Amino acid sequence: MPVLLDPAAAWPLDVLLEQVPVHGLSWRLEGDTLPRVAGLGTLQAAGPLEIAFLSSARYAAQLQQSRAGAVVLAADAAEAACAQGEPGFARIVTPHPYLLYARLAQWFHGQLGALSPPEIHATAVVAPDAELADDVSVGPHAVIGPRVQVGPGVRIGAGCVIEANCRIGAHSLLHPRVTLYEGVSVGERVILHSGVVLGADGFGFAPDALAPTAERGRWVKIPQLGGVQIGDDVEVGANTTIDRGALDDTVVEHGVKLDDQIMVGHNVRIGAHTAIAACTGIAGSTTIGARCMIGGAAMIGGHLQIVDDVVISGGTTVPSSITSPGQYTSLYPLAEHAEWQRNAAVVPQLARLRKQVRALERRLSDNTPDA
Amino acid sequence: MPVLLDPAAAWPLDVLLEQVPVHGLSWRLEGDTLPRVAGLGTLQAAGPLEIAFLSSARYAAQLQQSRAGAVVLAADAAEAACAQGEPGFARIVTPHPYLLYARLAQWFHGQLGALSPPEIHATAVVAPDAELADDVSVGPHAVIGPRVQVGPGVRIGAGCVIEANCRIGAHSLLHPRVTLYEGVSVGERVILHSGVVLGADGFGFAPDALAPTAERGRWVKIPQLGGVQIGDDVEVGANTTIDRGALDDTVVEHGVKLDDQIMVGHNVRIGAHTAIAACTGIAGSTTIGARCMIGGAAMIGGHLQIVDDVVISGGTTVPSSITSPGQYTSLYPLAEHAEWQRNAAVVPQLARLRKQVRALERRLSDNTPDA
Amino acid sequence: MPVLLDPAAAWPLDVLLEQVPVHGLSWRLEGDTLPRVAGLGTLQAAGPLEIAFLSSARYAAQLQQSRAGAVVLAADAAEAACAQGEPGFARIVTPHPYLLYARLAQWFHGQLGALSPPEIHATAVVAPDAELADDVSVGPHAVIGPRVQVGPGVRIGAGCVIEANCRIGAHSLLHPRVTLYEGVSVGERVILHSGVVLGADGFGFAPDALAPTAERGRWVKIPQLGGVQIGDDVEVGANTTIDRGALDDTVVEHGVKLDDQIMVGHNVRIGAHTAIAACTGIAGSTTIGARCMIGGAAMIGGHLQIVDDVVISGGTTVPSSITSPGQYTSLYPLAEHAEWQRNAAVVPQLARLRKQVRALERRLSDNTPDA
């Protein structure tokens with residue numbers, strides 16, 4: 001229930017809305033009285049000084065109980081809310097409530113206080129031949145290696161380690177404790193969350209066919225000589241890892257959004273504006289198209305091609321290429337455990353069950369005079 | 001096979017047991033001779049100077065071979081062990097062997113040597129307006145931001161980064177390289193393992209309905225304005241991440257135990273004393289009840305309600321709410337690969353197979369004079 | 001498309017090959033003209049100054065289009081490539097193309113520039129009683145605790161934290177931001193990638209049978225008194241965690257290769273030369289044999305025994321021990337979502353379906369005069 005601004009300095013709703021950069025999104029205000037507002041909140045938690053939003057019909061029931069001073073919502077939802085008379089909240093009516101909420105949140109976020117002025121902290125270790133543009137911040141105990149190039153306005157958090165020959169584009173933000181291995185390239189306005197590791201070695205080993213018998217099964221490391229390229233406007237969640245390529249680069253195109261604890265193998269390519277939820281793994285050399293949406297804890301096999309505009313349900317394993325847009329799923333249905341046991345016991349008999357059914361069909365046809 | 005104390009200073013078993021704070025747990029000693037003990041060990045590895053324990057009937061067979069000087073076990077197991085005469089080990093008989101083992105382990109752990117005296121390391125960077133209570137330790141290269149409040153007896157490991165306005169309750173322990181983003185609140189006696197990230201941005205983006213065609217699919221970031229609240233007596237495993245809320249806080253209630261590499265999405269709430277094994281992901285806005293036990297690598301979908309006292313098997317995907325206590329499972333049965341192929345080939349034909357069976361039933365009923 | 005050396009200083013192919021330590025692997029050169037080479041590349045990306053390789057028949061089609069100056073390949077593939085006349089590339093013919101490529105990559109990697117001379121960075125915090133052998137490098141802001149023993153030639157990256165009593169064998173490489181908890185033992189020539197955590201507490205809690213009703217479900221922590229032993233020639237991927245044992249040690253035998261974001265629970269033992277792909281979790285007290293290959297995002301239950309030479313498909317859940325070598329799988333087949341829904345709806349009816357089929361068989365036998 002964050003009241004983001006000082007309530008004593010709450011803004012008249014119409015004045016505030018005029019301040020918010022909506023990038024062309026249309027909206028109109030409805031309501032008998034316009035509240036003063038100091039923050040944002042959910043329908044359930046917002047109070048009279050806060051703006052809430054309704055972006056999905058599944059939460060429409062919460063609208064009647066909401067104590068919010070104003071609600072962002074679509075025209076039909078606004079009309080429904082007024083069916084019984086003037087509701088207790090002003091309406092900010094827009095064709096895209098969730099997008100307008102995003103713009104409002106960005107504005108409030110900006111009000112939270114100016115960023116600290118750029119500073120290279122005295123404990124940071126910056127190589128003499130690293131090139132830092134103007135207005136770069138480097139936090140305490142961060143390490144910036146030789147020949148690193150850092151664009152204007154970049155903020156590098158405490159404890160980050162940027163190895164030699166990396167490039168970081170303008171206005172990117174590295175939260176604390178991010179590692180960039182040698183030669184990683186990061187675009188502009190990129191956000192890397194804490195614990196991210198870009199450019200660690202891909203998982204490449206050749207079986208040692210010449211190993212002595214006692215060492216049978218030994219592996220020979222294949223040095224990973226490729227790099228990692230991260231496009232503009234990419235966001236990478238906490239503790240996500242993106243490995244460097246074996247020879248060519250691993251590539252994340254612009255606008256891609258990666259959640260926490262995702263693992264991107266070597267030589268993967270992820271197309272523009274694809275969004276991937278947490279805990280997903282993508283094995284090496286797989287190409288994922290643009291504008292895909294991949295649910296959490298998905299597992300994508302290696303050396304696959306997935307076309308643009310594919311949706312993969314959370315928890316799904318993808319063992320083969322996907323050649324048509326659409327939604328794909330591979331979940332075993334959840335059940336109460338004893339029921340699961342009863343049905344799962346049949347799974348190892350499925351091939352036999354199918355045979356039995358075919359045999360029954362044959363026998364019945366043989367037995368049926370009119371078949 | 002850790003012998004934890006100097007064997008030369010081994011304790012008589014009865015004297016040692018009187019030292020151990022058992023918090024009311026009853027026990028009695030049985031055996032013709034009481035050994036001197038210097039440590040703990042498993043049934044298989046313990047020697048005459050060590051105490052072993054038997055907490056599950058599945059390991060009863062190991063009891064006969066054990067060389068342990070003493071064994072913690074339940075009355076019926078002790079009786080069975082003596083059926084053939086006095087065994088080679090003393091018996092510490094208690095209704096709760098695993099709990100007594102935990103108390104013994106805590107006592108031995110305490111004997112391992114006093115903690116180093118509290119110290120703010122000279123290389124730590126502590127904001128002038130951070131408030132550190134008495135007896136706080138801050139390791140080398142740790143960073144503590146403005147207005148952070150740290151309770152008495154807290155230990156903050158090397159390389160931790162605690163951003164502005166965080167609160168850490170008394171006697172909590174942060175192992176090295178933990179990140180707390182701005183405004184995270186951590187309770188008392190909390191343990192955070194290395195690589196934990198609390199308060200990174202939740203995964204929130206609105207589709208940019210106004211994007212030009214060339215940028216179709218573009219996402220607009222929703223600033224994550226909520227926080228993270230961690231209750232008392234919570235433990236969080238290595239490299240686990242808990243994201244901050246979008247508007248309301250993400251909440252982990254007291255006594256919750258999280259294993260390594262768990263991902264907790266924004267606005268999740270986890271009820272008191274729930275234990276979650278490693279590699280589990282919990283998508284945003286899901287509420288998990290109290291005293292749940294969730295197996296490893298489970299995947300819990302977003303916006304779900306899971307009631308108290310639910311058990312979820314390891315590897316299970318939960319795509320919908322769970323409204324009754326009990327155990328739930330969704331595993332596809334493991335099989336040798338060729339057998340798996342045979343049966344898995346039938347899965348995409350299941351709907352047809354059911355139709356065929358129904359058709360057979362109808363045909364057989366039609367053909368059967370007495371049906 | 002890395003050209004790894006200065007093209008102006010490209011080597012004649014035969015001269016270069018004589019330089020590469022192939023450890024006994026046989027090869028011969030074929031081709032009308034021998035190119036000068038400066039690097040390695042994939043069949044698709046390599047140019048005339050680069051060596052490519054063909055190790056799998058699935059990429060044979062790329063051979064004809066390749067612009068590579070030379071290609072490493074097997075005799076039959078070389079013969080096929082020459083069936084239509086002399087191809088545009090020299091052939092490096094060997095019975096083990098992937099292994100020879102690994103050796104070439106190692107040689108090129110070595111040419112990339114000598115390692116910086118060993119140095120203990122001025123900002124590193126090294127305990128006075130830590131024992132560092134000759135030629136040890138310690139990066140900026142690394143922390144090395146009391147009584148740590150570090151072998152010759154070890155390189156410890158920036159921001160690593162090595163707690164008391166750890167041992168690191170000769171020529172091991174710790175990338176930045178690795179944590180070793182107290183008492184962890186690491187072999188020789190080990191590679192630990194950024195974000196690795198070795199020796200965090202295993203997930204061990206006893207139910208508190210004596211908790212008051214209001215605190216029902218409370219857990220009592222079991223101190224984790226065991227350690228972690230990592231053998232020689234092990235590689236551990238980014239953000240992977242290996243927990244310390246409860247009493248005995250967690251053991252990773254020599255030559256094991258672990259990818260990123262793997263979770264190894266307490267008291268697990270992994271046999272020599274086993275390779276495990278990313279995002280896999282291994283629950284506590286499980287033993288995995290030698291030379292196993294485990295696909296990505298597998299989930300291995302606790303207290304299991306898996307014999308040598310087992311292959312586990314990616315995404316597979318292993319809930320029980322595996323007693324014979326071979327490949328094992330448990331994937332629910334992927335399908336387009338609507339088709340998945342149709343077939344998944346039958347899964348909870350499988351036990352009934354089997355009953356129906358049996359009933360049909362009985363009825364048909366009863367009805368069939370000649371049955």
# chains A, B, ... in the order shown; residues from 1 in each chain; ligands from 1
>>> residues_around(residues="region 278-294 of chain C", least_positions_apart="3", cutoff="6 Å", atoms="only C-alpha atoms", output="NGL selection string")
(:A and (217)) or (:C and (259-275 or 297-312))
>>> closest_atom_pairs(of="chain A", to="chain C", cutoff="6 Å", atoms="only C-alpha atoms", output="CSV")
residue,atom,partner,partner_atom,distance
A:Phe203,CA,C:Asp259,CA,6.0
A:Ala206,CA,C:Leu99,CA,5.4
A:Gly217,CA,C:Arg291,CA,5.6
A:Arg218,CA,C:His273,CA,5.5
A:Ile222,CA,C:Ala102,CA,4.8
A:Pro223,CA,C:Gln106,CA,5.9
A:Leu247,CA,C:Gly41,CA,5.8
A:Asp248,CA,C:Met1,CA,5.2
A:Gln327,CA,C:His337,CA,5.3
A:Tyr328,CA,C:Glu336,CA,4.4
A:Thr329,CA,C:His337,CA,5.3
A:Ser330,CA,C:Leu334,CA,4.4
A:Arg342,CA,C:Ala351,CA,6.0
A:Asn343,CA,C:Ala351,CA,4.9
>>> residues_around(residues="Trp219 (chain C)", least_positions_apart="2", cutoff="6 Å", atoms="only C-alpha atoms", output="list of chain:residue names")
C:Phe205, C:Ala206, C:Pro207, C:Asp208
>>> select_by_dssp(residues="region 25-166 of chain B", states="strand (DSSP E or B)", output="PDB file with N, CA and C atoms, in the first residue's frame")
ATOM      1  N   ARG B  28      16.142 -40.842  27.414  1.00  0.00           N
ATOM      2  CA  ARG B  28      16.778 -41.618  28.484  1.00  0.00           C
ATOM      3  C   ARG B  28      17.915 -42.409  27.872  1.00  0.00           C
ATOM      4  N   LEU B  29      18.887 -42.705  28.707  1.00  0.00           N
ATOM      5  CA  LEU B  29      20.062 -43.451  28.258  1.00  0.00           C
ATOM      6  C   LEU B  29      19.898 -44.925  28.590  1.00  0.00           C
ATOM      7  N   GLU B  30      20.246 -45.791  27.649  1.00  0.00           N
ATOM      8  CA  GLU B  30      20.236 -47.230  27.903  1.00  0.00           C
ATOM      9  C   GLU B  30      21.560 -47.808  27.430  1.00  0.00           C
ATOM     10  N   ARG B  36      32.555 -42.435  25.842  1.00  0.00           N
ATOM     11  CA  ARG B  36      32.919 -41.028  25.752  1.00  0.00           C
ATOM     12  C   ARG B  36      32.714 -40.621  24.289  1.00  0.00           C
ATOM     13  N   VAL B  37      32.202 -39.411  24.062  1.00  0.00           N
ATOM     14  CA  VAL B  37      31.903 -38.997  22.691  1.00  0.00           C
ATOM     15  C   VAL B  37      32.524 -37.640  22.374  1.00  0.00           C
ATOM     16  N   GLY B  39      31.802 -36.408  18.897  1.00  0.00           N
ATOM     17  CA  GLY B  39      31.209 -35.885  17.676  1.00  0.00           C
ATOM     18  C   GLY B  39      29.968 -36.626  17.275  1.00  0.00           C
ATOM     19  N   LEU B  40      29.455 -36.249  16.096  1.00  0.00           N
ATOM     20  CA  LEU B  40      28.275 -36.858  15.503  1.00  0.00           C
ATOM     21  C   LEU B  40      28.672 -37.522  14.202  1.00  0.00           C
ATOM     22  N   GLU B  50      31.615 -41.432  18.422  1.00  0.00           N
ATOM     23  CA  GLU B  50      30.572 -40.564  17.849  1.00  0.00           C
ATOM     24  C   GLU B  50      29.163 -41.073  18.118  1.00  0.00           C
ATOM     25  N   ILE B  51      28.243 -40.124  18.122  1.00  0.00           N
ATOM     26  CA  ILE B  51      26.821 -40.424  18.260  1.00  0.00           C
ATOM     27  C   ILE B  51      26.198 -40.468  16.869  1.00  0.00           C
ATOM     28  N   ALA B  52      25.449 -41.525  16.575  1.00  0.00           N
ATOM     29  CA  ALA B  52      24.683 -41.598  15.341  1.00  0.00           C
ATOM     30  C   ALA B  52      23.203 -41.511  15.679  1.00  0.00           C
ATOM     31  N   PHE B  53      22.364 -41.510  14.643  1.00  0.00           N
ATOM     32  CA  PHE B  53      20.923 -41.460  14.925  1.00  0.00           C
ATOM     33  C   PHE B  53      20.185 -42.292  13.890  1.00  0.00           C
ATOM     34  N   ALA B  70      27.181 -44.470  20.336  1.00  0.00           N
ATOM     35  CA  ALA B  70      25.816 -44.312  20.840  1.00  0.00           C
ATOM     36  C   ALA B  70      24.915 -43.979  19.669  1.00  0.00           C
ATOM     37  N   VAL B  71      23.641 -44.327  19.816  1.00  0.00           N
ATOM     38  CA  VAL B  71      22.678 -44.052  18.743  1.00  0.00           C
ATOM     39  C   VAL B  71      21.425 -43.442  19.357  1.00  0.00           C
ATOM     40  N   VAL B  72      20.960 -42.338  18.747  1.00  0.00           N
ATOM     41  CA  VAL B  72      19.675 -41.739  19.113  1.00  0.00           C
ATOM     42  C   VAL B  72      18.592 -42.477  18.340  1.00  0.00           C
ATOM     43  N   LEU B  73      17.585 -42.969  19.038  1.00  0.00           N
ATOM     44  CA  LEU B  73      16.551 -43.723  18.325  1.00  0.00           C
ATOM     45  C   LEU B  73      15.285 -43.814  19.168  1.00  0.00           C
ATOM     46  N   ALA B  90      25.528 -47.588  22.988  1.00  0.00           N
ATOM     47  CA  ALA B  90      24.541 -47.096  23.948  1.00  0.00           C
ATOM     48  C   ALA B  90      23.349 -46.540  23.188  1.00  0.00           C
ATOM     49  N   ARG B  91      22.176 -46.562  23.835  1.00  0.00           N
ATOM     50  CA  ARG B  91      20.966 -46.048  23.197  1.00  0.00           C
ATOM     51  C   ARG B  91      20.506 -44.774  23.902  1.00  0.00           C
ATOM     52  N   ILE B  92      20.269 -43.741  23.075  1.00  0.00           N
ATOM     53  CA  ILE B  92      19.642 -42.515  23.591  1.00  0.00           C
ATOM     54  C   ILE B  92      18.212 -42.571  23.073  1.00  0.00           C
ATOM     55  N   VAL B  93      17.308 -42.963  23.942  1.00  0.00           N
ATOM     56  CA  VAL B  93      15.946 -43.270  23.517  1.00  0.00           C
ATOM     57  C   VAL B  93      15.054 -42.055  23.718  1.00  0.00           C
ATOM     58  N   ILE B 120      33.444  -4.016  12.352  1.00  0.00           N
ATOM     59  CA  ILE B 120      33.139  -3.399  11.053  1.00  0.00           C
ATOM     60  C   ILE B 120      34.464  -3.375  10.305  1.00  0.00           C
ATOM     61  N   VAL B 125      32.021  -0.277   3.325  1.00  0.00           N
ATOM     62  CA  VAL B 125      31.593   1.090   3.043  1.00  0.00           C
ATOM     63  C   VAL B 125      30.221   1.259   3.682  1.00  0.00           C
ATOM     64  N   VAL B 126      30.170   2.008   4.771  1.00  0.00           N
ATOM     65  CA  VAL B 126      28.931   2.165   5.530  1.00  0.00           C
ATOM     66  C   VAL B 126      28.497   3.621   5.469  1.00  0.00           C
ATOM     67  N   GLU B 131      22.185   3.078  10.585  1.00  0.00           N
ATOM     68  CA  GLU B 131      22.132   2.901  12.038  1.00  0.00           C
ATOM     69  C   GLU B 131      22.457   1.462  12.377  1.00  0.00           C
ATOM     70  N   LEU B 132      23.645   1.239  12.922  1.00  0.00           N
ATOM     71  CA  LEU B 132      24.061  -0.113  13.289  1.00  0.00           C
ATOM     72  C   LEU B 132      23.998  -0.267  14.804  1.00  0.00           C
ATOM     73  N   SER B 137      28.495  -7.177  13.006  1.00  0.00           N
ATOM     74  CA  SER B 137      29.701  -7.443  12.217  1.00  0.00           C
ATOM     75  C   SER B 137      29.426  -7.097  10.760  1.00  0.00           C
ATOM     76  N   VAL B 138      30.363  -6.445  10.135  1.00  0.00           N
ATOM     77  CA  VAL B 138      30.253  -6.160   8.699  1.00  0.00           C
ATOM     78  C   VAL B 138      31.560  -6.597   8.050  1.00  0.00           C
ATOM     79  N   VAL B 143      28.840  -3.297   1.597  1.00  0.00           N
ATOM     80  CA  VAL B 143      28.382  -1.933   1.350  1.00  0.00           C
ATOM     81  C   VAL B 143      27.028  -1.761   2.024  1.00  0.00           C
ATOM     82  N   ILE B 144      26.893  -0.763   2.860  1.00  0.00           N
ATOM     83  CA  ILE B 144      25.638  -0.508   3.567  1.00  0.00           C
ATOM     84  C   ILE B 144      25.201   0.909   3.268  1.00  0.00           C
ATOM     85  N   GLN B 149      18.902   0.267   8.696  1.00  0.00           N
ATOM     86  CA  GLN B 149      18.851  -0.012  10.136  1.00  0.00           C
ATOM     87  C   GLN B 149      19.204  -1.466  10.373  1.00  0.00           C
ATOM     88  N   VAL B 150      20.216  -1.696  11.181  1.00  0.00           N
ATOM     89  CA  VAL B 150      20.719  -3.043  11.422  1.00  0.00           C
ATOM     90  C   VAL B 150      20.618  -3.338  12.919  1.00  0.00           C
ATOM     91  N   ARG B 155      25.168 -10.216  11.647  1.00  0.00           N
ATOM     92  CA  ARG B 155      26.438 -10.413  10.958  1.00  0.00           C
ATOM     93  C   ARG B 155      26.213 -10.310   9.452  1.00  0.00           C
ATOM     94  N   ILE B 156      26.925  -9.414   8.823  1.00  0.00           N
ATOM     95  CA  ILE B 156      26.806  -9.162   7.381  1.00  0.00           C
ATOM     96  C   ILE B 156      28.108  -9.587   6.730  1.00  0.00           C
ATOM     97  N   VAL B 161      25.756  -6.290  -0.361  1.00  0.00           N
ATOM     98  CA  VAL B 161      25.352  -4.940  -0.715  1.00  0.00           C
ATOM     99  C   VAL B 161      23.942  -4.716  -0.179  1.00  0.00           C
ATOM    100  N   ILE B 162      23.819  -3.789   0.758  1.00  0.00           N
ATOM    101  CA  ILE B 162      22.531  -3.471   1.383  1.00  0.00           C
ATOM    102  C   ILE B 162      22.171  -2.062   0.959  1.00  0.00           C
TER     103      ILE B 162
END
>>> atom_distance(atom1="CA of Ala200 (chain C)", atom2="CA of Asp232 (chain B)")
20.2 Å
>>> atom_distance(atom1="CA of Leu43 (chain A)", atom2="CA of Pro87 (chain A)")
13.6 Å
>>> atom_distance(atom1="CA of Ala60 (chain B)", atom2="CA of Ala74 (chain B)")
11.2 Å
>>> select_by_dssp(residues="region 196-361 of chain B", states="alpha helix (DSSP H)", output="PyMOL selection string")
chain B and resi 337-344+350-361
>>> residues_around(residues="Gln229 (chain B)", least_positions_apart="5", cutoff="10 Å", atoms="only C-alpha atoms", output="ChimeraX atom specification")
/B:167,183-187,198-199,242,244-245,249-254,269
>>> decode(residues="region 294-305 of chain B", atoms="N, CA and C atoms", output="short mmCIF file (atom, residue, chain, number, x, y, z; two decimals), in the first residue's frame")
data_model
loop_
_atom_site.label_atom_id
_atom_site.label_comp_id
_atom_site.auth_asym_id
_atom_site.auth_seq_id
_atom_site.Cartn_x
_atom_site.Cartn_y
_atom_site.Cartn_z
N ILE B 294 6.76 -28.07 -0.20
CA ILE B 294 6.80 -28.07 -1.66
C ILE B 294 8.12 -28.69 -2.09
N GLY B 295 8.01 -29.77 -2.87
CA GLY B 295 9.19 -30.51 -3.30
C GLY B 295 10.04 -29.73 -4.28
N GLY B 296 11.22 -30.23 -4.55
CA GLY B 296 12.15 -29.51 -5.41
C GLY B 296 11.67 -29.37 -6.83
N ALA B 297 12.09 -28.31 -7.48
CA ALA B 297 11.81 -28.09 -8.89
C ALA B 297 10.33 -28.09 -9.20
N ALA B 298 9.51 -27.71 -8.22
CA ALA B 298 8.10 -27.50 -8.51
C ALA B 298 7.95 -26.18 -9.25
N MET B 299 6.87 -26.05 -10.00
CA MET B 299 6.62 -24.79 -10.70
C MET B 299 5.17 -24.40 -10.39
N ILE B 300 5.05 -23.27 -9.70
CA ILE B 300 3.73 -22.81 -9.24
C ILE B 300 3.34 -21.62 -10.10
N GLY B 301 2.19 -21.72 -10.76
CA GLY B 301 1.75 -20.64 -11.64
C GLY B 301 1.38 -19.37 -10.90
N GLY B 302 1.07 -18.34 -11.62
CA GLY B 302 0.80 -17.04 -11.05
C GLY B 302 -0.67 -16.85 -10.68
N HIS B 303 -0.95 -15.92 -9.77
CA HIS B 303 -2.32 -15.54 -9.40
C HIS B 303 -3.11 -16.71 -8.85
N LEU B 304 -2.44 -17.64 -8.15
CA LEU B 304 -3.12 -18.81 -7.58
C LEU B 304 -3.26 -18.65 -6.07
N GLN B 305 -4.18 -19.42 -5.51
CA GLN B 305 -4.34 -19.52 -4.06
C GLN B 305 -4.09 -20.97 -3.67
#
